[in-house]
file upload-v9.cif (mmCIF, C-alpha atoms)
data_coords
#
loop_
_atom_site.label_atom_id
_atom_site.label_comp_id
_atom_site.auth_asym_id
_atom_site.auth_seq_id
_atom_site.Cartn_x
_atom_site.Cartn_y
_atom_site.Cartn_z
CA MET A 122 -57.91 -91.81 12.83
CA ILE A 123 -54.67 -89.77 12.81
CA SER A 124 -53.46 -91.42 9.57
CA ARG A 125 -56.86 -90.65 7.96
CA SER A 126 -56.48 -86.96 8.96
CA ILE A 127 -52.97 -86.86 7.54
CA SER A 128 -54.24 -88.33 4.25
CA ALA A 129 -57.00 -85.74 4.10
CA ILE A 130 -54.46 -82.94 4.71
CA ARG A 131 -52.21 -84.42 1.97
CA LEU A 132 -55.13 -84.52 -0.47
CA SER A 133 -56.11 -80.94 0.35
CA LEU A 134 -52.52 -79.80 -0.07
CA MET A 135 -52.27 -81.53 -3.45
CA ALA A 136 -55.53 -79.93 -4.55
CA VAL A 137 -54.22 -76.48 -3.58
CA LEU A 138 -50.91 -77.11 -5.36
CA LEU A 139 -52.72 -78.27 -8.48
CA ALA A 140 -55.00 -75.23 -8.41
CA VAL A 141 -51.97 -72.93 -8.19
CA ALA A 142 -50.04 -74.86 -10.82
CA MET A 143 -52.83 -75.28 -13.38
CA PRO A 144 -52.91 -71.69 -14.66
CA ALA A 145 -49.16 -71.85 -15.28
CA LEU A 146 -49.53 -75.14 -17.13
CA ALA A 147 -52.27 -73.58 -19.23
CA GLY A 148 -49.87 -70.81 -20.18
CA ASP A 149 -51.66 -67.96 -18.43
CA GLN A 150 -49.44 -65.11 -17.30
CA THR A 151 -50.18 -61.82 -15.61
CA VAL A 152 -48.46 -58.50 -16.21
CA GLY A 153 -49.04 -55.69 -13.74
CA GLN A 154 -49.18 -51.97 -14.48
CA ALA A 155 -47.70 -50.09 -11.55
CA LYS A 156 -46.04 -46.69 -11.12
CA LYS A 157 -46.64 -45.93 -14.80
CA ALA A 158 -44.70 -49.00 -15.96
CA PHE A 159 -45.36 -52.59 -16.97
CA THR A 160 -43.99 -54.95 -14.31
CA VAL A 161 -42.35 -57.08 -17.02
CA GLY A 162 -40.08 -55.71 -19.76
CA VAL A 163 -39.96 -58.78 -21.98
CA LEU A 164 -42.38 -61.66 -21.53
CA LYS A 165 -41.81 -65.08 -23.11
CA ALA A 166 -44.97 -66.94 -24.05
CA LYS A 167 -46.38 -69.50 -26.47
CA VAL A 168 -49.10 -69.38 -29.08
CA GLY A 169 -52.39 -70.06 -27.31
CA ASP A 170 -51.31 -68.50 -24.02
CA THR A 171 -53.55 -65.93 -22.40
CA ILE A 172 -51.93 -62.78 -21.00
CA THR A 173 -53.72 -60.82 -18.32
CA PHE A 174 -52.91 -57.15 -17.76
CA ARG A 175 -53.78 -55.84 -14.29
CA ASN A 176 -53.92 -52.13 -13.40
CA ASP A 177 -52.28 -51.63 -9.99
CA ASP A 178 -52.11 -47.83 -10.24
CA GLU A 179 -54.53 -45.29 -8.82
CA PHE A 180 -55.33 -44.01 -12.30
CA ALA A 181 -56.50 -45.49 -15.60
CA HIS A 182 -54.29 -47.43 -17.97
CA ASN A 183 -54.71 -48.91 -21.42
CA VAL A 184 -53.16 -51.74 -23.37
CA PHE A 185 -52.75 -52.00 -27.09
CA SER A 186 -50.49 -53.31 -29.80
CA LEU A 187 -50.23 -52.23 -33.41
CA SER A 188 -47.64 -54.90 -34.17
CA ASP A 189 -47.79 -56.76 -37.47
CA VAL A 190 -47.69 -60.09 -35.61
CA GLN A 191 -50.85 -59.36 -33.65
CA SER A 192 -52.69 -56.10 -33.08
CA PHE A 193 -55.26 -55.48 -30.36
CA ASP A 194 -56.81 -52.66 -28.38
CA LEU A 195 -57.94 -53.71 -24.92
CA GLY A 196 -59.20 -50.20 -24.10
CA SER A 197 -58.78 -48.18 -20.91
CA TYR A 198 -59.57 -49.43 -17.43
CA LYS A 199 -59.31 -48.37 -13.80
CA LYS A 200 -57.36 -49.60 -10.77
CA GLY A 201 -57.92 -53.25 -9.91
CA GLU A 202 -59.43 -54.11 -13.28
CA VAL A 203 -57.89 -56.55 -15.75
CA ARG A 204 -57.90 -57.11 -19.49
CA THR A 205 -56.82 -60.27 -21.30
CA VAL A 206 -55.53 -61.17 -24.73
CA LYS A 207 -54.96 -64.63 -26.25
CA LEU A 208 -51.79 -64.93 -28.32
CA THR A 209 -52.50 -66.23 -31.80
CA LYS A 210 -49.24 -66.06 -33.77
CA PRO A 211 -45.51 -66.48 -33.14
CA GLY A 212 -43.26 -63.42 -33.23
CA THR A 213 -42.54 -60.32 -31.18
CA ILE A 214 -45.47 -58.16 -30.08
CA GLU A 215 -44.76 -54.61 -28.90
CA VAL A 216 -47.26 -53.60 -26.24
CA GLU A 217 -47.92 -50.06 -25.02
CA CYS A 218 -50.29 -48.02 -22.88
CA ALA A 219 -51.98 -45.47 -25.16
CA ILE A 220 -52.51 -43.05 -22.26
CA HIS A 221 -48.89 -43.18 -21.11
CA PRO A 222 -46.56 -43.69 -24.12
CA GLU A 223 -43.55 -44.23 -21.85
CA MET A 224 -45.08 -47.56 -20.82
CA LYS A 225 -43.79 -50.19 -23.21
CA MET A 226 -43.08 -53.94 -23.10
CA LYS A 227 -42.60 -56.86 -25.50
CA ILE A 228 -44.08 -60.33 -25.69
CA GLU A 229 -41.90 -62.89 -27.45
CA VAL A 230 -44.28 -65.56 -28.70
CA THR A 231 -43.06 -68.97 -29.84
CA LYS A 232 -44.95 -72.00 -31.19
CA MET B 156 -20.17 -26.87 34.95
CA SER B 157 -18.52 -23.61 34.00
CA ASN B 158 -20.39 -20.93 32.12
CA SER B 159 -17.94 -21.09 29.19
CA PHE B 160 -18.34 -24.88 28.89
CA ARG B 161 -22.15 -24.51 29.00
CA SER B 162 -21.92 -21.78 26.35
CA GLN B 163 -19.75 -24.00 24.12
CA ARG B 164 -22.30 -26.83 24.41
CA VAL B 165 -25.18 -24.49 23.49
CA SER B 166 -23.21 -23.20 20.50
CA LEU B 167 -22.36 -26.73 19.40
CA SER B 168 -26.01 -27.74 19.69
CA LEU B 169 -27.11 -24.75 17.64
CA ILE B 170 -24.51 -25.51 14.95
CA LEU B 171 -25.63 -29.16 14.83
CA LEU B 172 -29.30 -28.12 14.71
CA PHE B 173 -28.61 -25.64 11.91
CA GLY B 174 -26.61 -28.27 10.05
CA PHE B 175 -29.39 -30.83 10.33
CA LEU B 176 -31.94 -28.27 9.12
CA VAL B 177 -29.80 -27.33 6.11
CA ILE B 178 -29.05 -30.96 5.22
CA GLY B 179 -32.69 -31.86 5.80
CA SER B 180 -33.94 -29.14 3.48
CA VAL B 181 -31.42 -30.13 0.78
CA ILE B 182 -32.47 -33.78 1.02
CA ALA B 183 -36.13 -32.71 0.96
CA ALA B 184 -35.53 -30.64 -2.18
CA GLU B 185 -33.73 -33.54 -3.85
CA THR B 186 -36.37 -36.12 -3.01
CA ASP B 187 -39.55 -34.06 -3.18
CA PRO B 188 -41.37 -35.26 -6.31
CA TRP B 189 -43.03 -31.85 -6.65
CA LEU B 190 -39.75 -29.90 -6.96
CA ARG B 191 -38.14 -29.84 -10.37
CA PRO B 192 -34.48 -30.76 -10.98
CA ASP B 193 -32.09 -27.82 -11.42
CA ALA B 194 -31.24 -28.62 -15.04
CA ALA B 195 -33.03 -30.25 -17.94
CA PRO B 196 -31.73 -33.53 -19.34
CA ALA B 197 -29.88 -33.40 -22.67
CA PRO B 198 -28.93 -36.28 -25.00
CA PRO B 199 -25.25 -37.35 -25.16
CA GLU B 200 -24.84 -36.00 -28.69
CA ASN B 201 -26.18 -32.58 -27.74
CA GLN B 202 -24.93 -31.75 -24.26
CA LEU B 203 -25.42 -28.10 -23.30
CA THR B 204 -22.59 -25.64 -23.92
CA PRO B 205 -22.73 -21.83 -23.84
CA ALA B 206 -22.01 -21.69 -27.59
CA ARG B 207 -24.91 -24.05 -28.38
CA VAL B 208 -27.31 -22.10 -26.19
CA GLN B 209 -26.20 -18.83 -27.78
CA LEU B 210 -26.66 -20.22 -31.29
CA GLY B 211 -30.09 -21.55 -30.36
CA GLN B 212 -31.11 -18.21 -28.90
CA LEU B 213 -30.13 -16.41 -32.13
CA LEU B 214 -32.10 -18.88 -34.23
CA PHE B 215 -35.08 -18.75 -31.88
CA PHE B 216 -35.47 -14.98 -32.24
CA ASP B 217 -34.59 -14.79 -35.95
CA PRO B 218 -37.60 -14.11 -38.27
CA ARG B 219 -35.49 -15.16 -41.25
CA LEU B 220 -36.35 -18.73 -40.25
CA SER B 221 -39.78 -18.16 -41.85
CA ARG B 222 -40.64 -17.97 -45.56
CA LYS B 223 -41.39 -14.24 -45.54
CA SER B 224 -38.96 -13.38 -42.75
CA THR B 225 -41.89 -12.19 -40.65
CA MET B 226 -42.15 -14.87 -37.96
CA SER B 227 -39.63 -16.25 -35.53
CA CYS B 228 -40.16 -19.06 -33.01
CA ALA B 229 -40.64 -16.24 -30.49
CA SER B 230 -43.61 -14.86 -32.45
CA CYS B 231 -45.71 -17.62 -30.93
CA HIS B 232 -43.47 -18.63 -28.01
CA ASN B 233 -43.13 -15.10 -26.68
CA PRO B 234 -41.13 -14.82 -23.45
CA ALA B 235 -43.18 -11.76 -22.51
CA LEU B 236 -46.31 -13.92 -22.58
CA GLY B 237 -45.15 -16.95 -20.63
CA TRP B 238 -43.42 -18.35 -23.76
CA SER B 239 -46.83 -18.62 -25.38
CA ASP B 240 -48.86 -16.01 -27.30
CA GLY B 241 -51.83 -14.99 -25.18
CA LEU B 242 -54.21 -16.06 -27.95
CA PRO B 243 -56.92 -18.74 -27.85
CA THR B 244 -55.25 -20.55 -30.74
CA ALA B 245 -52.06 -19.86 -32.66
CA VAL B 246 -51.74 -17.59 -35.68
CA GLY B 247 -49.50 -18.93 -38.43
CA PHE B 248 -48.39 -18.18 -41.98
CA GLU B 249 -49.99 -15.02 -43.44
CA MET B 250 -51.99 -14.52 -40.22
CA HIS B 251 -54.08 -17.68 -40.63
CA THR B 252 -55.59 -18.87 -37.37
CA LEU B 253 -54.54 -22.40 -36.47
CA PRO B 254 -56.77 -24.93 -34.65
CA ARG B 255 -54.67 -25.44 -31.52
CA ALA B 256 -53.32 -23.18 -28.79
CA THR B 257 -49.61 -22.42 -28.68
CA PRO B 258 -48.23 -24.49 -25.78
CA THR B 259 -45.73 -22.79 -23.53
CA ILE B 260 -42.20 -24.08 -23.94
CA VAL B 261 -41.42 -23.57 -20.24
CA ASN B 262 -39.98 -26.86 -18.96
CA THR B 263 -40.80 -28.62 -22.23
CA SER B 264 -37.28 -30.02 -22.05
CA PHE B 265 -38.47 -32.29 -19.23
CA ASN B 266 -41.24 -33.77 -21.37
CA SER B 267 -40.74 -37.26 -22.74
CA ILE B 268 -42.93 -36.47 -25.74
CA GLN B 269 -43.59 -33.24 -27.64
CA MET B 270 -46.55 -31.47 -29.28
CA TRP B 271 -50.25 -31.60 -28.32
CA ASP B 272 -50.62 -34.89 -30.20
CA GLY B 273 -47.21 -36.32 -29.35
CA ARG B 274 -46.06 -36.55 -32.94
CA LYS B 275 -42.50 -35.62 -31.98
CA SER B 276 -40.50 -37.46 -29.37
CA THR B 277 -37.59 -35.12 -28.64
CA LEU B 278 -36.82 -31.41 -28.71
CA GLU B 279 -34.42 -32.03 -31.57
CA ASP B 280 -37.18 -33.79 -33.56
CA GLN B 281 -39.63 -31.02 -32.80
CA ALA B 282 -37.44 -27.97 -33.35
CA THR B 283 -37.62 -27.76 -37.14
CA GLY B 284 -41.23 -28.94 -37.44
CA PRO B 285 -42.89 -25.50 -37.19
CA ILE B 286 -40.26 -23.97 -39.52
CA GLU B 287 -41.23 -26.22 -42.43
CA ALA B 288 -44.95 -26.63 -41.58
CA ALA B 289 -46.95 -24.96 -44.38
CA GLY B 290 -49.40 -23.40 -41.93
CA GLU B 291 -46.71 -22.02 -39.64
CA MET B 292 -43.36 -20.59 -40.75
CA ASN B 293 -43.61 -22.36 -44.11
CA LEU B 294 -39.91 -22.49 -45.02
CA PRO B 295 -38.63 -25.79 -46.47
CA LEU B 296 -35.47 -26.88 -44.69
CA PRO B 297 -33.20 -26.84 -47.79
CA GLU B 298 -34.16 -23.18 -48.33
CA LEU B 299 -33.59 -22.44 -44.66
CA ILE B 300 -30.09 -23.91 -44.78
CA GLU B 301 -29.19 -21.94 -47.92
CA ARG B 302 -30.52 -18.77 -46.31
CA LEU B 303 -28.51 -19.29 -43.12
CA LYS B 304 -25.37 -20.04 -45.14
CA SER B 305 -25.83 -16.72 -46.95
CA ILE B 306 -25.63 -14.82 -43.63
CA PRO B 307 -21.88 -14.50 -42.89
CA GLY B 308 -22.33 -13.91 -39.19
CA TYR B 309 -23.85 -17.33 -38.63
CA ALA B 310 -20.83 -19.36 -39.81
CA SER B 311 -18.73 -18.68 -36.72
CA LYS B 312 -21.69 -19.26 -34.40
CA PHE B 313 -22.36 -22.71 -35.89
CA GLU B 314 -18.64 -23.56 -35.87
CA ALA B 315 -18.32 -22.59 -32.21
CA ALA B 316 -21.36 -24.64 -31.27
CA TYR B 317 -20.85 -27.69 -33.49
CA PRO B 318 -17.24 -27.74 -34.75
CA GLY B 319 -16.86 -29.27 -38.18
CA MET B 320 -20.57 -30.07 -38.57
CA GLY B 321 -21.50 -27.04 -40.65
CA ILE B 322 -24.89 -25.41 -41.08
CA THR B 323 -27.37 -28.23 -41.51
CA ALA B 324 -30.89 -29.15 -40.47
CA VAL B 325 -29.31 -31.23 -37.70
CA THR B 326 -27.25 -28.39 -36.24
CA VAL B 327 -30.19 -25.96 -36.53
CA ALA B 328 -32.38 -28.43 -34.61
CA ARG B 329 -29.71 -29.09 -32.00
CA GLY B 330 -29.08 -25.40 -31.45
CA LEU B 331 -32.77 -24.62 -31.01
CA ALA B 332 -33.19 -27.56 -28.65
CA SER B 333 -30.21 -26.38 -26.59
CA PHE B 334 -31.76 -22.95 -26.12
CA GLU B 335 -35.13 -24.49 -25.23
CA ARG B 336 -33.43 -26.52 -22.51
CA THR B 337 -32.64 -23.25 -20.74
CA VAL B 338 -36.27 -22.08 -20.73
CA LEU B 339 -37.20 -23.21 -17.25
CA SER B 340 -39.79 -22.20 -14.70
CA THR B 341 -38.52 -19.91 -11.97
CA GLU B 342 -38.99 -20.57 -8.27
CA SER B 343 -42.66 -20.18 -7.43
CA PRO B 344 -44.36 -19.57 -4.06
CA PHE B 345 -45.35 -23.27 -4.18
CA ASP B 346 -41.65 -24.24 -4.49
CA ARG B 347 -40.70 -22.03 -1.54
CA TRP B 348 -43.45 -23.64 0.53
CA ARG B 349 -42.28 -27.14 -0.38
CA LYS B 350 -38.77 -26.13 0.69
CA GLY B 351 -40.04 -25.16 4.11
CA ASP B 352 -41.30 -21.57 3.97
CA GLU B 353 -44.74 -21.95 5.52
CA LYS B 354 -45.61 -18.34 4.74
CA ALA B 355 -44.88 -18.62 1.02
CA VAL B 356 -48.47 -19.60 0.15
CA SER B 357 -51.87 -19.00 1.74
CA ALA B 358 -53.87 -21.53 3.76
CA SER B 359 -56.28 -21.56 0.83
CA ALA B 360 -53.52 -22.59 -1.58
CA LYS B 361 -52.33 -25.32 0.82
CA HIS B 362 -55.84 -26.73 1.00
CA GLY B 363 -56.05 -26.39 -2.77
CA PHE B 364 -52.98 -28.63 -3.09
CA GLU B 365 -54.68 -31.27 -0.93
CA LEU B 366 -57.76 -31.11 -3.12
CA PHE B 367 -55.55 -31.23 -6.22
CA GLN B 368 -54.18 -34.60 -5.13
CA ASP B 369 -57.34 -36.04 -3.60
CA LYS B 370 -60.95 -34.97 -4.18
CA ALA B 371 -60.37 -33.02 -7.38
CA LYS B 372 -58.22 -35.81 -8.88
CA CYS B 373 -56.07 -33.30 -10.81
CA ALA B 374 -52.84 -35.13 -9.95
CA VAL B 375 -54.08 -38.22 -11.76
CA CYS B 376 -52.78 -36.49 -14.88
CA HIS B 377 -50.94 -33.38 -13.63
CA MET B 378 -48.39 -35.35 -11.59
CA GLY B 379 -44.85 -34.63 -10.45
CA TYR B 380 -42.66 -31.53 -10.55
CA ASN B 381 -43.69 -30.61 -14.08
CA PHE B 382 -47.35 -31.33 -13.35
CA THR B 383 -47.82 -33.65 -16.31
CA ASP B 384 -47.97 -37.40 -16.85
CA ASN B 385 -46.74 -36.93 -20.42
CA GLY B 386 -49.94 -38.74 -21.25
CA PHE B 387 -52.99 -38.27 -23.47
CA HIS B 388 -56.55 -37.68 -22.33
CA ASN B 389 -59.88 -36.64 -23.80
CA ILE B 390 -61.17 -34.17 -21.20
CA GLY B 391 -64.48 -33.39 -22.91
CA LEU B 392 -64.00 -29.86 -24.22
CA LYS B 393 -66.86 -28.36 -26.22
CA GLU B 394 -65.97 -27.87 -29.87
CA GLU B 395 -67.56 -26.17 -32.82
CA GLY B 396 -67.15 -27.52 -36.33
CA THR B 397 -65.13 -30.61 -37.15
CA PRO B 398 -63.78 -32.19 -33.95
CA ASP B 399 -59.99 -32.25 -33.56
CA VAL B 400 -59.04 -35.93 -33.36
CA GLY B 401 -55.82 -35.15 -31.45
CA ARG B 402 -53.64 -38.13 -30.59
CA PHE B 403 -55.84 -40.43 -32.72
CA ALA B 404 -53.95 -39.20 -35.80
CA GLN B 405 -50.79 -40.76 -34.35
CA ARG B 406 -52.34 -43.73 -32.57
CA PRO B 407 -55.59 -44.86 -34.24
CA LEU B 408 -57.15 -46.24 -31.08
CA LYS B 409 -60.64 -45.44 -29.80
CA SER B 410 -59.41 -44.04 -26.47
CA MET B 411 -57.12 -41.60 -28.28
CA HIS B 412 -59.90 -39.93 -30.29
CA GLY B 413 -59.99 -36.35 -29.04
CA ALA B 414 -57.14 -37.00 -26.58
CA PHE B 415 -54.34 -34.46 -26.15
CA LYS B 416 -51.14 -34.33 -24.12
CA THR B 417 -51.39 -33.15 -20.53
CA PRO B 418 -49.72 -29.71 -20.41
CA THR B 419 -47.52 -28.48 -17.58
CA LEU B 420 -49.13 -26.26 -14.97
CA ARG B 421 -45.88 -24.45 -14.20
CA ASP B 422 -46.21 -20.65 -14.70
CA ILE B 423 -49.88 -21.17 -15.47
CA GLY B 424 -50.67 -17.64 -14.33
CA LEU B 425 -48.79 -16.36 -17.40
CA THR B 426 -50.37 -18.50 -20.10
CA ALA B 427 -54.09 -17.64 -20.32
CA PRO B 428 -56.29 -18.43 -22.18
CA TYR B 429 -56.31 -22.09 -21.26
CA MET B 430 -56.87 -25.55 -22.79
CA ARG B 431 -55.66 -26.84 -26.14
CA ASN B 432 -58.35 -24.82 -27.93
CA GLY B 433 -58.07 -21.73 -25.73
CA SER B 434 -61.68 -22.05 -24.63
CA TYR B 435 -61.30 -20.74 -21.06
CA LYS B 436 -60.08 -17.31 -20.07
CA THR B 437 -59.65 -17.91 -16.34
CA LEU B 438 -58.43 -20.65 -14.03
CA MET B 439 -61.84 -20.65 -12.33
CA GLU B 440 -63.44 -21.55 -15.66
CA VAL B 441 -60.95 -24.41 -15.97
CA VAL B 442 -61.79 -25.68 -12.48
CA GLU B 443 -65.53 -25.41 -13.26
CA HIS B 444 -64.97 -27.55 -16.36
CA TYR B 445 -63.40 -30.35 -14.36
CA ASP B 446 -66.03 -29.99 -11.64
CA ARG B 447 -68.69 -30.70 -14.28
CA GLY B 448 -66.70 -33.77 -15.36
CA GLY B 449 -66.23 -32.29 -18.83
CA ASP B 450 -68.91 -31.23 -21.30
CA ASP B 451 -68.66 -33.39 -24.40
CA LYS B 452 -68.97 -36.93 -23.05
CA THR B 453 -68.06 -38.58 -26.37
CA ASN B 454 -65.09 -40.85 -25.74
CA LEU B 455 -64.41 -39.09 -22.44
CA ASP B 456 -61.32 -40.23 -20.48
CA ILE B 457 -62.48 -42.61 -17.74
CA ASN B 458 -60.65 -40.54 -15.13
CA MET B 459 -63.10 -37.69 -15.82
CA VAL B 460 -66.04 -37.67 -13.37
CA PRO B 461 -68.12 -34.88 -11.77
CA LEU B 462 -66.33 -33.68 -8.63
CA SER B 463 -69.03 -31.93 -6.54
CA LEU B 464 -66.61 -29.24 -5.40
CA THR B 465 -67.92 -26.44 -3.16
CA ALA B 466 -67.38 -22.79 -4.09
CA SER B 467 -64.75 -22.57 -1.37
CA GLU B 468 -62.92 -25.64 -2.68
CA LYS B 469 -62.87 -24.24 -6.21
CA ALA B 470 -61.38 -21.00 -4.88
CA ASP B 471 -58.75 -23.02 -3.01
CA LEU B 472 -57.80 -24.89 -6.16
CA VAL B 473 -57.41 -21.62 -8.05
CA ALA B 474 -55.25 -20.24 -5.21
CA PHE B 475 -53.04 -23.31 -5.44
CA LEU B 476 -52.73 -23.09 -9.22
CA GLU B 477 -51.76 -19.42 -8.96
CA SER B 478 -49.01 -20.39 -6.51
CA LEU B 479 -47.28 -22.34 -9.31
CA THR B 480 -46.23 -19.15 -11.07
CA GLY B 481 -42.84 -17.62 -10.38
CA VAL B 482 -41.49 -14.21 -11.29
CA PRO B 483 -40.55 -14.51 -14.98
CA ALA B 484 -36.83 -14.34 -15.71
CA ASP B 485 -35.67 -11.35 -17.75
CA VAL B 486 -34.91 -12.47 -21.28
CA ARG B 487 -32.45 -10.67 -23.53
CA VAL B 488 -33.47 -10.50 -27.17
CA PRO B 489 -30.15 -10.86 -29.03
CA ALA B 490 -28.82 -8.76 -31.89
CA LEU B 491 -28.96 -11.04 -34.93
CA PRO B 492 -26.02 -11.94 -37.19
CA HIS B 493 -25.64 -10.21 -40.57
#

call {"tool": "encode", "arguments": {"input": "upload-v9.cif", "output": "structure tokens"}}
result
Amino acid sequence: MISRSISAIRLSLMAVLLAVAMPALAGDQTVGQAKKAFTVGVLKAKVGDTITFRNDDEFAHNVFSLSDVQSFDLGSYKKGEVRTVKLTKPGTIEVECAIHPEMKMKIEVTK
Amino acid sequence: MSNSFRSQRVSLSLILLFGFLVIGSVIAAETDPWLRPDAAPAPPENQLTPARVQLGQLLFFDPRLSRKSTMSCASCHNPALGWSDGLPTAVGFEMHTLPRATPTIVNTSFNSIQMWDGRKSTLEDQATGPIEAAGEMNLPLPELIERLKSIPGYASKFEAAYPGMGITAVTVARGLASFERTVLSTESPFDRWRKGDEKAVSASAKHGFELFQDKAKCAVCHMGYNFTDNGFHNIGLKEEGTPDVGRFAQRPLKSMHGAFKTPTLRDIGLTAPYMRNGSYKTLMEVVEHYDRGGDDKTNLDINMVPLSLTASEKADLVAFLESLTGVPADVRVPALPH
């Protein structure tokens, strides 16, 4: 009875660990926007990864890139909201907030 | 306990109390995000010196920096008018009206980006822009440099400010930027209140400051000691004719269409009319605009929403805004070199 309970706990623990680990294995990463800054200065990622930008400030932010490697405009969004972009090419992508030009970061994308 | 010993203890306590109050107020001034630093930052290659400021002041007030020697920087950035011009929008070369208001240059040295559309990043980058702009002073920089070299009195001023560098577009820009770094807001009633003088502003202004940060959402963009986020927002101003695309010309992104840089609110009592197109004559009109959540909803900034302010709350906000204006510093207009 006790050994069966321990096995069940082990299985549950493994399931939780897998759930936590899976997004990382899939290459998903999250970058926060807090105090008018990106929480990461330079992010290393691979082609196919999905990057999530999360607004942790009380006011709206924006995310865009006009880089040759990959350009995108994820628009403006309020506190607690997220926007995602899938990386399609290798190279360095310069990312900014259009509302607050001081907010800058880079994503170094490899194959 | 003897009377003298008791007296010494009282004196010591008073000294300690006074000391704590002084130290406390100094620390408060240094850490209060709403109080501006004493001096503006300057880049390593253009640190402030008296000679650089003096050169910049001469250039700033010299109309020979314009094609027809009729306009100086001070023609639009007039120290008698809050370092702006008191007009809805600027007037440039041959009295042509320009589409945007003249921004004050008070505290512009603290800004991380310059111009209404952010097309210049530093004061040095910005300084010669209006001189060569066809619609403004309309004097190509090579002609400007030749003209300045032909004025004997300028040679020693440039040499004192930038030894061995000569009269160039770079030294003109650096001199002007140095002078602009000395154009700072003076202590306002709001500053005195923040430093501990409870009587410096009215109860209405104090409540206005609460509203500014909370219900009225002003501080979402007008944040910190210079009351700007150095950011770009479309606040829904009504416009006639072709809309001004603003920041979109620099950053072709949907959210930047019609967006302009958040201006400082320091010395706002001196810089009417207001907004980047000069569309409001009074601060109450400005507050009414934000209370409506803007007028033109096309591509409106998502921070802009109707506020449902009461008449009393609007009056409080205006009282607070008025408390941001200090007594203007006297400015000496210099005799120009010949």

call {"tool": "resolve_selection", "arguments": {"input": "upload-v9.cif", "expression": "the PyMOL selection byres ((chain A and resi 206) around 12)", "output": "MDAnalysis selection string"}}
result
chainID A and resid 149:152 168:175 184:186 191:196 203:205 207:209 214 216 228

call {"tool": "interface_residues", "arguments": {"input": "upload-v9.cif", "of": "chain B", "to": "chain A", "cutoff": "10 Å", "atoms": "only C-alpha atoms", "output": "ChimeraX atom specification"}}
result
/B:267-268,273,372,374-376,384-389,402-403,406-411,414-416,456-458

call {"tool": "resolve_selection", "arguments": {"input": "upload-v9.cif", "expression": "the PyMOL selection byres ((chain B and resi 465) around 12)", "output": "PDB file with C-alpha atoms, in the frame of the given file"}}
result
ATOM      1  CA  GLY B 363     -56.050 -26.390  -2.770  1.00  0.00           C
ATOM      2  CA  LEU B 366     -57.760 -31.110  -3.120  1.00  0.00           C
ATOM      3  CA  LYS B 370     -60.950 -34.970  -4.180  1.00  0.00           C
ATOM      4  CA  ALA B 371     -60.370 -33.020  -7.380  1.00  0.00           C
ATOM      5  CA  VAL B 442     -61.790 -25.680 -12.480  1.00  0.00           C
ATOM      6  CA  GLU B 443     -65.530 -25.410 -13.260  1.00  0.00           C
ATOM      7  CA  ASP B 446     -66.030 -29.990 -11.640  1.00  0.00           C
ATOM      8  CA  ARG B 447     -68.690 -30.700 -14.280  1.00  0.00           C
ATOM      9  CA  LEU B 462     -66.330 -33.680  -8.630  1.00  0.00           C
ATOM     10  CA  SER B 463     -69.030 -31.930  -6.540  1.00  0.00           C
ATOM     11  CA  LEU B 464     -66.610 -29.240  -5.400  1.00  0.00           C
ATOM     12  CA  ALA B 466     -67.380 -22.790  -4.090  1.00  0.00           C
ATOM     13  CA  SER B 467     -64.750 -22.570  -1.370  1.00  0.00           C
ATOM     14  CA  GLU B 468     -62.920 -25.640  -2.680  1.00  0.00           C
ATOM     15  CA  LYS B 469     -62.870 -24.240  -6.210  1.00  0.00           C
ATOM     16  CA  ALA B 470     -61.380 -21.000  -4.880  1.00  0.00           C
ATOM     17  CA  ASP B 471     -58.750 -23.020  -3.010  1.00  0.00           C
ATOM     18  CA  LEU B 472     -57.800 -24.890  -6.160  1.00  0.00           C
TER      19      LEU B 472
END

call {"tool": "resolve_selection", "arguments": {"input": "upload-v9.cif", "expression": "the PyMOL selection byres ((chain B and resi 276) around 12)", "output": "JSON, numbers by chain"}}
result
{"A": [222, 223], "B": [263, 264, 265, 266, 267, 268, 269, 270, 271, 272, 273, 274, 275, 277, 278, 279, 280, 281, 282, 284, 385, 405]}

call {"tool": "atom_distance", "arguments": {"input": "upload-v9.cif", "atom1": "atom CA of Glu395 of chain B", "atom2": "atom CA of Asp450 of chain B"}}
result
12.7 Å

call {"tool": "atom_distance", "arguments": {"input": "upload-v9.cif", "atom1": "atom CA of Cys228 of chain B", "atom2": "atom CA of Arg302 of chain B"}}
result
16.4 Å

call {"tool": "atom_distance", "arguments": {"input": "upload-v9.cif", "atom1": "atom CA of Lys227 of chain A", "atom2": "atom CA of Lys167 of chain A"}}
result
13.2 Å

call {"tool": "residues_around", "arguments": {"input": "upload-v9.cif", "residues": "segment 482-485 of chain B", "least_positions_apart": "4", "cutoff": "8 Å", "atoms": "all atoms listed in the file", "output": "MDAnalysis selection string"}}
result
chainID B and resid 237 340:343

call {"tool": "write_last_selection", "arguments": {"input": "upload-v9.cif", "atoms": "C-alpha atoms", "output": "PDB file, in the coordinates of the input"}}
result
ATOM      1  CA  GLY B 237     -45.150 -16.950 -20.630  1.00  0.00           C
ATOM      2  CA  SER B 340     -39.790 -22.200 -14.700  1.00  0.00           C
ATOM      3  CA  THR B 341     -38.520 -19.910 -11.970  1.00  0.00           C
ATOM      4  CA  GLU B 342     -38.990 -20.570  -8.270  1.00  0.00           C
ATOM      5  CA  SER B 343     -42.660 -20.180  -7.430  1.00  0.00           C
TER       6      SER B 343
END

call {"tool": "closest_residue", "arguments": {"input": "upload-v9.cif", "among": "A:Asn176, A:Phe159, A:Ser188, A:Lys225", "to": "Pro211 of chain A", "atoms": "only C-alpha atoms"}}
result
A:Ser188
